[in-house]
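Asks: Before anything else, here's the structure in question.
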Amino acid sequence: MKIAVLASSSRGNATVVNAGKTTLLVDVGISARRIKLGLESCGLGLEDICGICITHEHSDHIGGLAVLSGKTRVRVYCSRYLRDDLVSLAPDANYTFLEPGTKVRIGDFSVLPISVSHDAVDPLGYVFEADGVRLGYITDTGCITRTMFPALQGVQALYLESNYDPELLCKSGRPPELISRIEGQWGHLSNEQAGEFVRQIAHSDLRHIILAHLSPECNTPARAAVTIQAVLDELHHSAELHIARQTELLPWMQV
Ligand SMILES: [Zn+2]
Ligand SMILES: [Zn+2]
């Protein structure tokens, strides 16, 4: 299995995962044009995409869906509660509706949707599995819930939101209600929360951690990396740490 991140931050998210003959996009929160260019950098075209897995309906996750689905008529996988929102936005797509906790087979992938804690309609994380390798995909969640642990136990790679640094969030000049929303249990994970989750989920075969959805205003790649690396150092853990960025491709990584 391999993963590349086309873009990730509060301004737009899109990831591509591949196993065997199956290539999936996870979220399409950047323009269809940028997705096409990003795929070309990965040696792919839109015609190679077998499906799009949506985490939730916020625009930084679905902003490119209408144009993209019009171009490709690709199958879209999402929570069944998103039906009305997405069908009106992208009527040309073919939809498969998912239930958290129920695995689906998509080509060479087994895909497990899992519930996350975010102020959206039934938001999902995912565990992608192929050839005995598993990738956990957790973004846009205000907290780590108990149900995530069994689903993510033993993953070889983890794509994990590390959205904000509390000090930078406080100093950001944002309205207090927005700060409360971000910090709240239906908001986003701080660097410290992401680090704490890594501490709890780390095991000897965890090889890659991709920190994602960094806020451009309330975080820096250096702050996120230092916080999570400190946890890995404490654990004497050698997992490779990667930072997904908004404007730079994170190229193919073999999981
Ligand atoms: Zn988001
Ligand atoms: Zn969101």
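Just remember, in the structure tokens the first chain shown is A, the second B, etc., residues are 1-based per chain, and ligands are 1-based in the order shown.
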Can I get the residues close to ligand 1 as an MDAnalysis selection string, where close means within 6 Å and we count only C-alpha atoms and all ligand atoms?
Replies: chainID A and resid 10 60 140
Asks: Could you dump the residues just selected with N, CA and C atoms as a PDB file, in the first residue's frame?
Replies:
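Output contents, as saved in again_11.pdb:
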ATOM      1  N   SER A  10      -6.197  23.482   7.032  1.00  0.00           N
ATOM      2  CA  SER A  10      -7.570  23.961   7.171  1.00  0.00           C
ATOM      3  C   SER A  10      -8.064  24.574   5.862  1.00  0.00           C
ATOM      4  N   ASP A  60     -13.360  22.376   3.149  1.00  0.00           N
ATOM      5  CA  ASP A  60     -11.943  22.007   2.993  1.00  0.00           C
ATOM      6  C   ASP A  60     -11.760  20.503   2.750  1.00  0.00           C
ATOM      7  N   ASP A 140      -9.890  15.972  11.607  1.00  0.00           N
ATOM      8  CA  ASP A 140     -11.066  16.706  12.044  1.00  0.00           C
ATOM      9  C   ASP A 140     -11.816  15.971  13.146  1.00  0.00           C
TER      10      ASP A 140
END
Asks: Can you list every residue of chain A that has an atom at most 7 Å from ligand 2, with its nearest atom pair and the distance in Å to one decimal, using only C-alpha atoms and all ligand atoms, ordered by chain then number, as a tab-separated table?
Replies:
residue	atom	partner	partner_atom_place_in_ligand_line	distance
A:His56	CA	ligand 2	1 (Zn)	6.7
A:His58	CA	ligand 2	1 (Zn)	5.0
A:His118	CA	ligand 2	1 (Zn)	6.7
A:Ala120	CA	ligand 2	1 (Zn)	6.7
A:Asp140	CA	ligand 2	1 (Zn)	5.1
Asks: Dump C-alpha atoms for the selected residues as an mmCIF file, in the first residue's frame?
Replies:
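The file below, out.cif, is the result:
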data_model
loop_
_atom_site.group_PDB
_atom_site.id
_atom_site.type_symbol
_atom_site.label_atom_id
_atom_site.label_comp_id
_atom_site.auth_asym_id
_atom_site.auth_seq_id
_atom_site.Cartn_x
_atom_site.Cartn_y
_atom_site.Cartn_z
ATOM 1 C CA HIS A 56 -17.271 14.999 6.097
ATOM 2 C CA HIS A 58 -16.869 20.868 5.321
ATOM 3 C CA HIS A 118 -16.441 16.825 14.888
ATOM 4 C CA ALA A 120 -20.279 17.917 11.024
ATOM 5 C CA ASP A 140 -11.066 16.706 12.044
#
Asks: Contacts between stretch 191-213 of chain A and stretch 95-178 of chain A, please, where a residue of stretch 95-178 of chain A counts if it comes within 12 Å (with only C-alpha atoms); show its shortest atom pair and distance in Å to one decimal, rows by chain and ascending number, as CSV.
Replies:
residue,atom,partner,partner_atom,distance
A:Val133,CA,A:Asp205,CA,10.2
A:Arg134,CA,A:Leu206,CA,9.7
A:Leu135,CA,A:His208,CA,9.2
A:Gly136,CA,A:Ile209,CA,9.5
A:Tyr137,CA,A:Ile210,CA,9.4
A:Ile138,CA,A:Ala212,CA,9.0
A:Thr139,CA,A:His213,CA,7.1
A:Asp140,CA,A:His213,CA,7.8
A:Thr141,CA,A:Ala194,CA,10.3
A:Gly142,CA,A:Gln193,CA,9.1
A:Cys143,CA,A:Gln193,CA,7.6
A:Ile144,CA,A:Phe197,CA,7.2
A:Thr145,CA,A:Phe197,CA,10.1
A:Arg146,CA,A:Phe197,CA,11.1
A:Met148,CA,A:Ile201,CA,9.9
A:Phe149,CA,A:Ile201,CA,7.3
A:Pro150,CA,A:Ile201,CA,9.6
A:Ala151,CA,A:Ile201,CA,10.6
A:Leu152,CA,A:Ile201,CA,7.5
A:Gln153,CA,A:Ile201,CA,6.4
A:Gly154,CA,A:His203,CA,6.7
A:Val155,CA,A:Leu206,CA,6.2
A:Gln156,CA,A:Leu206,CA,4.3
A:Ala157,CA,A:His208,CA,4.6
A:Leu158,CA,A:Ile209,CA,4.8
A:Tyr159,CA,A:Ile210,CA,4.6
A:Leu160,CA,A:Leu211,CA,5.1
A:Glu161,CA,A:Ala212,CA,4.6
A:Ser162,CA,A:Asn191,CA,4.8
A:Asn163,CA,A:His213,CA,5.4
A:Tyr164,CA,A:Asn191,CA,6.0
A:Asp165,CA,A:Asn191,CA,5.9
A:Pro166,CA,A:Asn191,CA,8.2
A:Glu167,CA,A:Asn191,CA,10.8
A:Leu168,CA,A:Asn191,CA,11.2
A:Leu169,CA,A:Asn191,CA,11.4
Asks: Could you pull out the helix (DSSP H, G or I) residues of stretch 121-250 of chain A from DSSP and send them as a PyMOL selection string?
Replies: chain A and resi 148-152+166-170+176-183+191-201+221-234
Asks: Contacts of stretch 34-42 of chain A at 8 Å or less, counting only C-alpha atoms, minus same-chain residues fewer than 4 places along, as a PyMOL selection string?
Replies: chain A and resi 4+6+14+28+30+46+249+251-252
Asks: What residues in stretch 25-252 of chain A get the DSSP label strand (DSSP E)? Please answer as a compact mmCIF listing (two decimals) with N, CA and C atoms, in the first residue's frame.
Replies:
# COMPACT_ATOMS: atom_id res chain seq x y z
N LEU A 25 -9.09 8.40 -3.81
CA LEU A 25 -8.86 9.71 -3.21
C LEU A 25 -9.56 9.72 -1.86
N VAL A 26 -8.94 10.36 -0.88
CA VAL A 26 -9.62 10.57 0.40
C VAL A 26 -9.76 12.09 0.55
N ASP A 27 -11.00 12.56 0.48
CA ASP A 27 -11.35 13.97 0.49
C ASP A 27 -10.84 14.68 -0.78
N VAL A 28 -11.64 15.66 -1.16
CA VAL A 28 -11.31 16.43 -2.38
C VAL A 28 -11.58 17.91 -2.08
N GLY A 51 -12.38 5.53 -6.70
CA GLY A 51 -13.40 6.00 -5.77
C GLY A 51 -12.88 7.16 -4.94
N ILE A 52 -13.83 7.88 -4.33
CA ILE A 52 -13.47 8.99 -3.44
C ILE A 52 -14.12 8.72 -2.09
N CYS A 53 -13.31 8.63 -1.05
CA CYS A 53 -13.84 8.46 0.31
C CYS A 53 -13.89 9.82 0.98
N ARG A 75 -17.16 6.78 -8.27
CA ARG A 75 -18.01 6.43 -7.13
C ARG A 75 -17.55 7.17 -5.88
N VAL A 76 -18.51 7.73 -5.15
CA VAL A 76 -18.22 8.49 -3.94
C VAL A 76 -18.71 7.70 -2.73
N TYR A 77 -17.84 7.50 -1.75
CA TYR A 77 -18.17 6.78 -0.53
C TYR A 77 -18.27 7.79 0.62
N CYS A 78 -19.40 7.79 1.31
CA CYS A 78 -19.59 8.76 2.39
C CYS A 78 -20.66 8.25 3.35
N SER A 79 -20.78 8.92 4.47
CA SER A 79 -21.84 8.57 5.42
C SER A 79 -23.20 8.72 4.76
N ASN A 94 -21.80 8.70 -8.48
CA ASN A 94 -22.44 7.48 -8.01
C ASN A 94 -22.07 7.33 -6.55
N TYR A 95 -23.08 7.11 -5.71
CA TYR A 95 -22.80 7.11 -4.27
C TYR A 95 -22.90 5.72 -3.67
N THR A 96 -22.01 5.46 -2.72
CA THR A 96 -22.18 4.31 -1.83
C THR A 96 -22.15 4.87 -0.41
N PHE A 97 -23.18 4.55 0.35
CA PHE A 97 -23.27 5.11 1.70
C PHE A 97 -22.73 4.14 2.72
N LEU A 98 -21.97 4.69 3.66
CA LEU A 98 -21.22 3.88 4.62
C LEU A 98 -21.82 3.96 6.01
N VAL A 104 -16.18 -2.18 4.13
CA VAL A 104 -16.60 -2.38 2.73
C VAL A 104 -15.36 -2.75 1.92
N ARG A 105 -15.59 -3.50 0.87
CA ARG A 105 -14.50 -3.87 -0.04
C ARG A 105 -14.53 -2.87 -1.20
N ILE A 106 -13.42 -2.19 -1.45
CA ILE A 106 -13.31 -1.32 -2.63
C ILE A 106 -12.09 -1.80 -3.40
N PHE A 109 -8.78 -2.86 -1.69
CA PHE A 109 -8.82 -2.37 -0.31
C PHE A 109 -10.01 -2.95 0.46
N SER A 110 -9.76 -3.20 1.74
CA SER A 110 -10.85 -3.32 2.70
C SER A 110 -10.87 -1.99 3.45
N VAL A 111 -12.03 -1.36 3.53
CA VAL A 111 -12.11 -0.01 4.10
C VAL A 111 -13.08 -0.03 5.28
N LEU A 112 -12.56 0.39 6.44
CA LEU A 112 -13.41 0.45 7.65
C LEU A 112 -13.66 1.93 7.98
N PRO A 113 -14.91 2.39 7.86
CA PRO A 113 -15.21 3.75 8.29
C PRO A 113 -15.39 3.78 9.81
N ILE A 114 -14.86 4.80 10.46
CA ILE A 114 -15.04 4.91 11.91
C ILE A 114 -15.51 6.32 12.28
N SER A 115 -16.31 6.40 13.34
CA SER A 115 -16.84 7.71 13.75
C SER A 115 -15.74 8.54 14.39
N LEU A 124 -16.47 10.93 9.45
CA LEU A 124 -15.81 9.62 9.45
C LEU A 124 -14.29 9.74 9.40
N GLY A 125 -13.62 8.81 10.07
CA GLY A 125 -12.22 8.50 9.79
C GLY A 125 -12.24 7.16 9.07
N TYR A 126 -11.06 6.69 8.69
CA TYR A 126 -11.01 5.42 7.95
C TYR A 126 -9.82 4.58 8.40
N VAL A 127 -9.96 3.27 8.23
CA VAL A 127 -8.80 2.38 8.26
C VAL A 127 -8.79 1.66 6.91
N PHE A 128 -7.71 1.89 6.14
CA PHE A 128 -7.53 1.24 4.84
C PHE A 128 -6.62 0.03 5.03
N GLU A 129 -7.04 -1.11 4.51
CA GLU A 129 -6.26 -2.34 4.69
C GLU A 129 -6.07 -3.03 3.35
N ALA A 130 -4.85 -3.48 3.11
CA ALA A 130 -4.56 -4.27 1.90
C ALA A 130 -3.29 -5.07 2.15
N VAL A 133 -1.53 -4.95 5.48
CA VAL A 133 -1.01 -3.66 5.97
C VAL A 133 -2.19 -2.72 6.19
N ARG A 134 -2.12 -1.92 7.27
CA ARG A 134 -3.24 -1.03 7.59
C ARG A 134 -2.78 0.40 7.79
N LEU A 135 -3.59 1.30 7.27
CA LEU A 135 -3.34 2.73 7.38
C LEU A 135 -4.54 3.37 8.09
N GLY A 136 -4.29 4.01 9.23
CA GLY A 136 -5.35 4.74 9.93
C GLY A 136 -5.41 6.17 9.43
N TYR A 137 -6.61 6.70 9.25
CA TYR A 137 -6.77 8.03 8.67
C TYR A 137 -7.73 8.83 9.56
N ILE A 138 -7.16 9.69 10.41
CA ILE A 138 -7.97 10.40 11.40
C ILE A 138 -7.74 11.90 11.25
N ALA A 157 0.68 2.52 9.59
CA ALA A 157 0.83 3.94 9.25
C ALA A 157 -0.38 4.70 9.77
N LEU A 158 -0.12 5.93 10.19
CA LEU A 158 -1.19 6.75 10.77
C LEU A 158 -1.13 8.14 10.16
N TYR A 159 -2.24 8.52 9.52
CA TYR A 159 -2.42 9.89 9.04
C TYR A 159 -3.24 10.57 10.12
N LEU A 160 -2.67 11.57 10.78
CA LEU A 160 -3.31 12.10 11.99
C LEU A 160 -3.33 13.62 12.00
N GLU A 161 -4.50 14.17 12.25
CA GLU A 161 -4.61 15.61 12.40
C GLU A 161 -3.76 16.11 13.57
N HIS A 208 5.06 4.70 10.00
CA HIS A 208 4.94 6.07 9.48
C HIS A 208 3.83 6.83 10.21
N ILE A 209 4.13 8.07 10.55
CA ILE A 209 3.10 8.97 11.08
C ILE A 209 3.11 10.21 10.21
N ILE A 210 1.96 10.52 9.64
CA ILE A 210 1.83 11.73 8.82
C ILE A 210 0.98 12.73 9.59
N LEU A 211 1.59 13.84 9.98
CA LEU A 211 0.82 14.87 10.69
C LEU A 211 0.14 15.74 9.64
N ALA A 212 -1.16 15.97 9.86
CA ALA A 212 -1.97 16.58 8.80
C ALA A 212 -2.89 17.67 9.35
N GLU A 240 8.81 6.89 11.37
CA GLU A 240 9.17 8.09 10.60
C GLU A 240 8.04 9.10 10.68
N LEU A 241 8.42 10.35 10.94
CA LEU A 241 7.43 11.42 11.07
C LEU A 241 7.44 12.26 9.80
N HIS A 242 6.26 12.49 9.24
CA HIS A 242 6.13 13.29 8.01
C HIS A 242 5.11 14.39 8.28
N ILE A 243 5.28 15.50 7.60
CA ILE A 243 4.32 16.60 7.74
C ILE A 243 3.65 16.83 6.39
N LEU A 250 3.17 15.75 -0.62
CA LEU A 250 3.94 14.73 0.11
C LEU A 250 3.95 13.50 -0.77
N PRO A 251 5.09 13.18 -1.39
CA PRO A 251 5.09 12.18 -2.46
C PRO A 251 4.82 10.77 -1.94
N TRP A 252 4.62 9.85 -2.87
CA TRP A 252 4.31 8.46 -2.54
C TRP A 252 5.19 7.94 -1.42
Asks: Which residue gives the smallest distance to A:Arg80 among A:Glu99, A:Ala239, A:Leu68, A:Gly63, with only C-alpha atoms counted?
Replies: A:Glu99
Asks: Name the closest residue to A:Leu65 among the candidates A:Ser117, A:Ser190, A:Ser31, A:Ser215; distances are taken between atoms, counting only C-alpha atoms.
Replies: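 Checking each of A:Ser117, A:Ser190, A:Ser31, A:Ser215 against A:Leu65, counting only C-alpha atoms, the winner is A:Ser31.
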Asks: Identify, on the basis of only C-alpha atoms, every residue whose closest approach to A:Asn18 does not exceed 9 Å; exclude the query and any residue fewer than 2 positions from it along the same chain; express the result as a compact mmCIF listing (two decimals) with N, CA and C atoms, in the first residue's frame.
Replies:
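See around-v1.txt below for the written result:
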# COMPACT_ATOMS: atom_id res chain seq x y z
N MET A 1 0.84 -1.18 0.00
CA MET A 1 0.00 0.00 0.00
C MET A 1 0.88 1.24 0.00
N LYS A 2 0.43 2.27 -0.69
CA LYS A 2 1.18 3.52 -0.63
C LYS A 2 0.23 4.71 -0.53
N ILE A 3 0.76 5.80 -0.03
CA ILE A 3 -0.05 7.01 0.21
C ILE A 3 0.74 8.23 -0.24
N ALA A 4 0.04 9.19 -0.85
CA ALA A 4 0.62 10.50 -1.14
C ALA A 4 -0.40 11.55 -0.73
N VAL A 16 -4.20 10.61 -1.70
CA VAL A 16 -4.40 9.49 -2.60
C VAL A 16 -3.75 8.24 -1.98
N GLY A 20 -2.41 -2.37 -5.08
CA GLY A 20 -2.64 -3.18 -6.29
C GLY A 20 -3.17 -2.30 -7.41
N LYS A 21 -4.33 -2.69 -7.94
CA LYS A 21 -4.89 -1.93 -9.07
C LYS A 21 -5.88 -0.86 -8.63
N THR A 22 -5.99 -0.65 -7.32
CA THR A 22 -7.01 0.27 -6.81
C THR A 22 -6.39 1.55 -6.28
N THR A 23 -6.87 2.68 -6.78
CA THR A 23 -6.41 3.98 -6.29
C THR A 23 -7.63 4.78 -5.83
N LEU A 24 -7.56 5.28 -4.61
CA LEU A 24 -8.67 6.05 -4.05
C LEU A 24 -8.20 7.44 -3.67
N LEU A 25 -9.09 8.40 -3.81
CA LEU A 25 -8.86 9.71 -3.21
C LEU A 25 -9.56 9.72 -1.86
N ASP A 108 -8.99 -3.55 -4.31
CA ASP A 108 -8.00 -4.27 -3.51
C ASP A 108 -7.95 -3.82 -2.05
N PHE A 109 -8.78 -2.86 -1.69
CA PHE A 109 -8.82 -2.37 -0.31
C PHE A 109 -10.01 -2.95 0.46
Asks: Could you state the separation of atom CA of A:Gln246 and atom CA of A:Cys218 in Å, given to one decimal place?
Replies: 13.9 Å
Asks: With only C-alpha atoms as the basis for distance, which of A:Ser88, A:Gln229, A:Thr247, A:Ser180 is at the shortest distance from A:Gly12?
Replies: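 That would be A:Thr247, the residue with the smallest distance to A:Gly12.
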Asks: Closest to A:Pro123 among A:Ala222, A:Ile54, A:Leu89, A:Glu183, using only C-alpha atoms?
Replies: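 Of all the options, A:Ile54 lies closest to A:Pro123.
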